[in-house]
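Structure record follows, encoded as structure tokens.
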Amino acid sequence: MKKVSICLLGLLLLAGCGGKGESGGQSSAARLDGKEKGSDFLAYEHNVSVDTHEGQVRPLYEKVVAACKADTESGCLLLDSSIDSGRYVHARISMRAKPAGIKKLVALVASEGDVTSQGTKVEDLGRPVLDSKKRLDMLRQYQAQLQDLEKRSGTNVDALIKVTKELASVQVELEQATAANALLMQRIDTDLLNVAISAEGKQAFWRPVKRALGNFTDNLSEGVANAITAMAYILPWLVAFVLLFPLGRKGWRRLRGIKR
């Protein structure tokens, strides 16, 4: 039992020291499956804004959403979508797909309206990917050592319980690290596309007039309320002026008479 406990403690210390040593290493961070450049792990985010007619905002929105759902080849994933038909008609769509699929979606959006803005942001994920790979390797190596120690525990119940508990903890960490690594690789293998559709530049001539007429009652009540509020501020000063002006005028006349 004493030997097993000492061995387990040694493995824990070794894993902790190994984790600290690799985090500051430079040579091991320069390799990942034959790739030695951090620039090989780039995450792209594209933003496209298009202006179209009011009646075309919803059809274009539905067309882009349908195109994403139908593009199984590029693995298009619809992340977020919304459309607002209120005061200003506009829609927003966020999707993630392989570069070829993103290119088709951008072409579809551009063909249905005027592109008002377009840009791409790039994030280098080389360092996070390398760190994730090192953490996975460390956890797998530590897990293998614990499994070997578990086999050698034999009938020592106390040592077996300690090893089993540590194995469970390592397994949880390994699953979390694997999920984080998969998310990083998804960001590298697929691009993010944000599409904004609006009709501000091509709204109908009478649209602002209708909007103003629709808001007439609200604007009128708001104006009356502001006028009443203004009167509440002005009235005390007006009363004070009416009361004090005759006294001030009388005093001024007396002062002039004394000077003469």
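FYI, nothing fancy with the structure tokens labels: chains A, B, ... in order, residues from 1 per chain, ligands from 1 as they appear.
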What are the DSSP alpha helix (DSSP H) residues of segment 128-257 of chain A, as a VMD selection string? chain A and resid 128 to 152 157 to 189 207 to 214 216 to 257
**Request:** Would you please give, as an MDAnalysis selection string, all residues of segment 24-182 of chain A that DSSP assigns to strand (DSSP E or B) based on the backbone?
**Result:** chainID A and resid 32 35 42:51 77:84 90:97 114:124
Of A:Thr190, A:Ser198, A:Lys162, A:Leu238, the one nearest to Gly86 of chain A when counting only C-alpha atoms is A:Ser198
Note to self: Need to verify the contact set: segment 112-118 of chain A, 7 Å, only C-alpha atoms, exclusion of same-chain residues closer than 6 positions in sequence. Can you return it as a PyMOL selection string?
What the structure shows: chain A and resi 47-52
Just want the 7 Å neighbourhood of segment 101-103 of chain A, counted on only C-alpha atoms, with same-chain residues fewer than 3 positions away dropped. Output as JSON, numbers by chain. {"A": [74, 97, 98, 106, 107, 193]}
As a PyMOL selection string, please: the residues near segment 139-151 of chain A (cut-off 7 Å, only C-alpha atoms, same-chain neighbours under 2 positions excluded). chain A and resi 15+135-137+153-154+160+163+167+170+174
query = Can you list, as number ranges by chain, every protein, DNA or RNA residue that comes within 9 Å of Lys121 of chain A when you count only C-alpha atoms, leaving out same-chain residues fewer than 4 positions away?
reply = A: 43-47
Taking C-alpha atoms for each residue, export the selection above as a compact mmCIF listing (two decimals), in the first residue's frame.
```txt
# COMPACT_ATOMS: atom_id res chain seq x y z
CA ALA A 43 -10.43 31.38 -38.43
CA TYR A 44 -12.34 33.56 -40.93
CA GLU A 45 -15.38 35.71 -40.21
CA HIS A 46 -17.13 37.42 -43.15
CA ASN A 47 -19.62 40.29 -42.87
```
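We find atom CA of Asp191 of chain A and atom CA of Ala67 of chain A to be spaced 15.9 Å apart.
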Between atom CA of Val65 of chain A and atom CA of Val109 of chain A lies a distance of 10.9 Å
